[in-house]
Each structure stands twice: as C-alpha cells, then as structure tokens.
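Here is the structure we will look at.
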Amino acid sequence: MQKNLILYNSLSNKKEEFKPIKDGKVGIYVCGPTVYSSSHMGHARSAIVFDVIVRFLRIVGYEVTYVKNFTDIDDKIINKASELGVDSKDISEKFKQEYIEDMRNLGCIDPDFQPCVSDNIDGIIDLISRIISNGFAYESNGDVYFQIDKFKDYGKLSNQSTDSMLTNHRIEFNPNKNNDLDFALWKKAKDDEPGWESPWGKGRPGWHIECSVMSCNHLGKNFDIHGGGRDLIFPHHENEIAQSESINDGCFANYWLHNGLININQEKMSKSIGNIINIRDALDKWNFNLIRIFFLSHHYRTPVDLSEEKLLEVEKSVRKIVKKINTQGNNSGDKGFRDLWKEAMLDDFNTAKAFGIFFKYINEGLINQSNIKEIEEFEFVMGIKGWREIFINQKENINEEMISEIVIKRNNARKDKNWKLADELRSQAESLGFILIDNKDSTTWEPIDQ
RNA sequence: GGCGGUGUAGCCAAGUGGUAAGGCGACGGUCUGCAAAACCGUUAUACCCCGGUUCGAAUCCGGGCACCGCCUCCA
C-alpha cells in the first residue's frame with residue numbers, strides 16, 4: 001500500500017508530497033518552551049502532535065533525528081527571577097526539569113536532542129558575526145539588529161508585506177533600530193542582568209537566533225521539517241528564516257508544520273483571562289491516554305476547544321471500546337485495518353481519521369485480542385499505553401464487607417419479592433458510591449463513575 | 001487595516017469531484033422484578049448564504065456573511 005507522505009506546508013499554504021533531503025532520513029526541529037513557568041496544555045498538544053508525527057515517520061521506515069530546544073535565556077525568565085529574588089538559572093533549570101517530566105508523563109518519547117540556549121552562546125555569537133559581515137545586521141549601542149529590508153524574502157512564511165507591517169501601531173519605537181521592524185539578534189545587558197562577553201559588549205541573545213543555531217548544529221543548515229505552534233509563525237519563525245537564509249544562500253527548513261492552538265471553554269487560553277491549565281493539574285485529573293486521545297481526535301492543524309465535558313466524552317467512549325477489545329472473541333482478523341489507518345496518517349497525519357477507523361474496526365469486531373499485534377502497532381504510534389487497563393483496579397478504598405452485606409440482604413429481599421426493600425438497598429449502595437449489577441445467578445458491583 | 005484559519009446532525013469531529021467516517025447524546029427494541037451493562041435498530045435528501053463550472057460539488061471557481069487566530073510575549 002505504501003503511498004507517499006503528504007503534508008501541509010505552512011510555507012506554501014498547500015499540501016505537498018514529502019521528499020526528504022537524504023533518502024530514508026528525516027531531520028525535524030520543533031520549537032520547545034521558554035522555561036519560566038509550568039508548562040500548560042498548549043505545550044502538551046504541540047508535544048503530543050509532534051511526538052506522534054515522529055513515531056509515525058519512524059514506523060514507516062524513516063530514520064528520524066528529532067530536536068526540541070529549551071529557550072532558557074529570555075527576558076521573561078529574567079523578570080521572573082528578579083521578582084522572586086533568585087538567580088535566573090534557578091528558574092530556567094526548575095521549569096526545564098518540570099517540562100521534561102511533564103512530557104514523559106504525557107507519554108512522549110524524549111527528543112534525540114534537547115539543546116539549551118545557554119550552552120550555545122559561542123555558536124550564537126559566531127552566527128551573529130557572520131550575519132553582520134554578510135551585511136544583514138548592524139550593531140547599535142551594544143545591541144545587534146537584523147536589518148529586514150536587506151532580506152528580500154522577509155514575510156514569506158507569514159505572508160505579510162513589510163509595508164503592511166509598518167502600519168501596525170503596536171510596534172514600539174526603538175531609537176536603536178534603523179527600521180521599526182528590525183529585530184534583535186543580541187541585546188545589551190544591564191548591569192544586574194545575566195550576560196556574556198561578545199564583540200558588542202556584555203549581553204544576551206535575542207529571541208529567534210537560538211533556533212537558527214541549534215537546528216543547524218544538529219540537523220545541518222538545510223533540514224526537512226520545522227514545527228511549532230501556529231502562534232510562532234510570526235515573528236519567531238519568520239525571523240528564524242531571515243537569519244538562517246541570510247547566510248545560507250536561501251536554504252533552511254523545507255517543510256513548516258504548525259499545530260493549532262487550544263481554547264478553554266470557547267475562550268482563548270491566556271494568562272490575562274486566567275484560564276491556563278497546567279499539564280500537571282490535567283494529569284492529576286485525567287489519565288494521560290485520555291488527554292492524548294482527546295487531542296488526537298482532532299486534526300493537528302485545527303483549533304481545539306478543551307473542556308471537562310469533552311474529556312468526559314472521551315472517557316466514556318474509551319471505556320466502551322476498552323470493554324469491547326477485552327471481551328470480544330477471536331473473530332477472523334481483518335487485515336484492512338493496518339493499511340487504512342496508515343493511509344489516513346500518510347495524508348497530513350490525520351490522527352482523527354485514524355482514530356475513527358480504529359473505533360469502527362473495534363466496534364464491528366473486526367479487530368480484537370486475536371489481532372493484538374495490529375492494535376499494539378496503532379497504540380505505539382499514537383503513544384497510548386496501558387489504556388486498556390485504565391478502568392480496571394478501581395475497587396480500592398471501598399469497604400467490601402459492607403457491600404457484601406448489602407448484597408446479601410438485598411438478594412434475600414428479592415427472593416421474598418420484597419421489591420421495595422430491594423430498591424432501597426440498591427439506592428443505599430449507590431449513595432455509598434457503587435452500583436449493583438444483577439447477573440444471571442449472582443450480584444456483582446462496580447464503583448460508580450465519577 | 002493586512003495575513004491566515006474555520007463554518008458539516010443536539011454537541012464534538014473526519015471527509016478537497018462520485019453521492020455524508022467515527023464519537024458523545026437522544027429515541028425505540030431485546031434483556032431485567034426494577035436497574036446497569038451489553039446487543040439490535042433509528043437519529044444530516046444534507047454540508048453558512050448566493051451565483052458559476054461539471055454528467056456529477058460539502059469538496060473546484062467568483063461574490064457575500066459569521067466566528068476565531070496572528071500582526072506585542074506565547075505551543
């Protein structure tokens with residue numbers, strides 16, 4: 001069946017056939033977090049999406065190098081540190097470790113490389129120097145700016161013309177800049193700020209430059225896929241392109257993939273609204289498999305509305321499907337499943353369609369324990385693990401003696417056809433948090449779903 | 001204002017030229033003393049609106065409308 005991989009390239013705004021630079025190999029760079037606070041569900045979605053993309057690329061035979069950076073030097077980190085009166089390194093280190101843990105708890109495979117800005121200062125200084133000597137940047141009062149009017153392709157990713165950008169009133173006037181749209185490659189450090197010595201004095205890298213350096217370090221100056229959230233298209237990715245291509249003869253990443261953002265109860269998730277959901281809080285409440293299935297039931301490019309209700313829906317449908325897989329017999333397996341879901345994935349990583357196919361095949365009894373290998377392959381790509389056992393072993397913390405007492409009493413009442421008492425005992429059980437199930441010749445019980 | 005995206009059943013969501021996947025919910029039935037679960041069945045002549053192309057369009061083209069995002073830090 002092996003069809004070609006098609007993906008939507010933000011650079012052309014079209015679906016394109018994927019052609020790797022080197023046969024059988026894929027280099028992918030995904031923008032990681034700025035580590036100044038706990039990571040949230042937006043990070044989770046992006047991480048899960050690219051995790052599945054990498055897993056899928058591997059399973060169809062590509063040798064993938066997956067790089068995700070940490071931006072551990074940034075104004076927000078510095079501000080947070082000074083607010084708390086601690087070293088900015090303490091902040092970045094703490095949240096970096098948290099992020100790594102969160103990602104693992106979400107079932108994401110570690111990227112092959114997770115470089116930090118602070119380990120790449122020399123490379124950054126070197127790159128900036130080369131951009132300056134190529135005539136695309138200038139030093140001004142200890143800052144270094146990229147001169148966007150020197151780069152004729154500026155705006156090609158976000159489809160913005162520089163003229164229209166200049167009419168934007170939100171750009172702040174900065175006397176050090178030649179042009180309001182120029183952006184910082186290097187920022188002069190104030191006395192109390194962390195900084196590194198450079199040809200332009202003590203300072204720190206601007207945002208954007210680190211990704212140009214670190215992607216090139218691990219993947220080369222021209223690599224296959226660059227990913228990140230939609231919100232990074234401008235200015236971050238636009239500026240990365242400008243920096244990198246200004247010294248690399250117009251070559252950088254070939255395909256740009258952007259995942260959609262999330263809303264919470266129909267509202268944008270943002271600090272000002274105060275509706276940010278941290279990954280840790282979500283994981284306290286929901287099994288990571290449910291979170292993954294929720295996100296993967298949507299196409300990665302569309303915005304997603306996250307709510308308690310939606311997660312509950314996922315839980316219900318998963319509960320049913322799990323029961324089916326675990327109880328259904330050994331029907332003859334249907335080999336169509338593997339080809340169908342992979343075909344869906346080959347078309348711009350359509351996980352939503354793949355899950356639709358998965359549910360359908362299970363519901364129709366076409367895959368079950370006898371096709372466990374096929375199920376496991378699907379599970380591996382989607383990164384869902386142990387989800388078939390989520391709903392087992394929930395019987396702890398329940399007083400079994402009390403329950404069997406109620407069951408015995410009720411069964412006696414039923415024998416006497418005392419339905420009123422039997423019903424009372426049933427509601428008594430329910431108020432204690434479990435439900436009685438009358439089978440042919442026995443009564444069992446289960447905890448009531450929360 | 002510029003750029004991009006989205007608009008498919010009560011809700012969520014696939015579907016980019018061949019006659020509407022899947023999930024949740026709802027309804028009817030089987031089973032049950034009653035339930036629960038399970039199973040069977042029903043649930044969009046129809047894809048924001050108006051034109052056009054085509055034998056044929058949710059899918060392509062033109063024109064509207066609505067919502068959202070980005071354009072300042074953001075996954």
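Residue numbering restarts at 1 for every chain of the structure tokens, chains are lettered A, B, ... in their displayed order, and ligands are numbered from 1 as they appear.
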* To do: From a DSSP calculation on the backbone, collect every residue of region 90-306 of chain A in strand (DSSP E) and output the set as a ChimeraX atom specification.
  => /A:137-140,143-146,183-188,203-205,223-229,253-259,262-264,267-268,304-306
* chain B residues within 7 Å of chain A, counting only C-alpha atoms (C1' of nucleotides): which ones, as a count of residues only? -> 14
* Asked: Can you list, as a VMD selection string, every residue of region 163-369 of chain A that DSSP puts in helix (DSSP H, G or I)?
  -> chain A and resid 163 to 166 209 to 219 230 to 247 279 to 285 288 to 296 308 to 327 336 to 346 351 to 363 369
* Asked: Skipping near chain neighbours, those fewer than 4 positions away, what residues fall within 9 Å of Leu185 (chain A) using only C-alpha atoms (C1' of nucleotides), listed as a list in words?
  ->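 Close residues of Leu185 (chain A): Ile124, Ile128, Ala137, Asp143, Val144, Tyr145, Phe146, Arg204, Pro205, Gly206, Trp207, His208, Ile209 and Gln243 of chain A.
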* To do: Extract, using only C-alpha atoms (C1' of nucleotides), all DNA, RNA and protein residues at most 12 Å from Gly386 (chain A), discarding same-chain residues fewer than 5 positions from it, and format them as a list in words.
  => Gly107, Asn287, Phe288, Asn289, Leu290, Val322, Glu376, Glu379, Phe380, Phe391 and Ile392 of chain A
* To do: Within 12 Å of G17 (chain B), counting only C-alpha atoms (C1' of nucleotides), which residues show up once you throw out same-chain ones fewer than 6 positions away? Write them as a PyMOL selection string, please.
  => chain B and resi 53-60
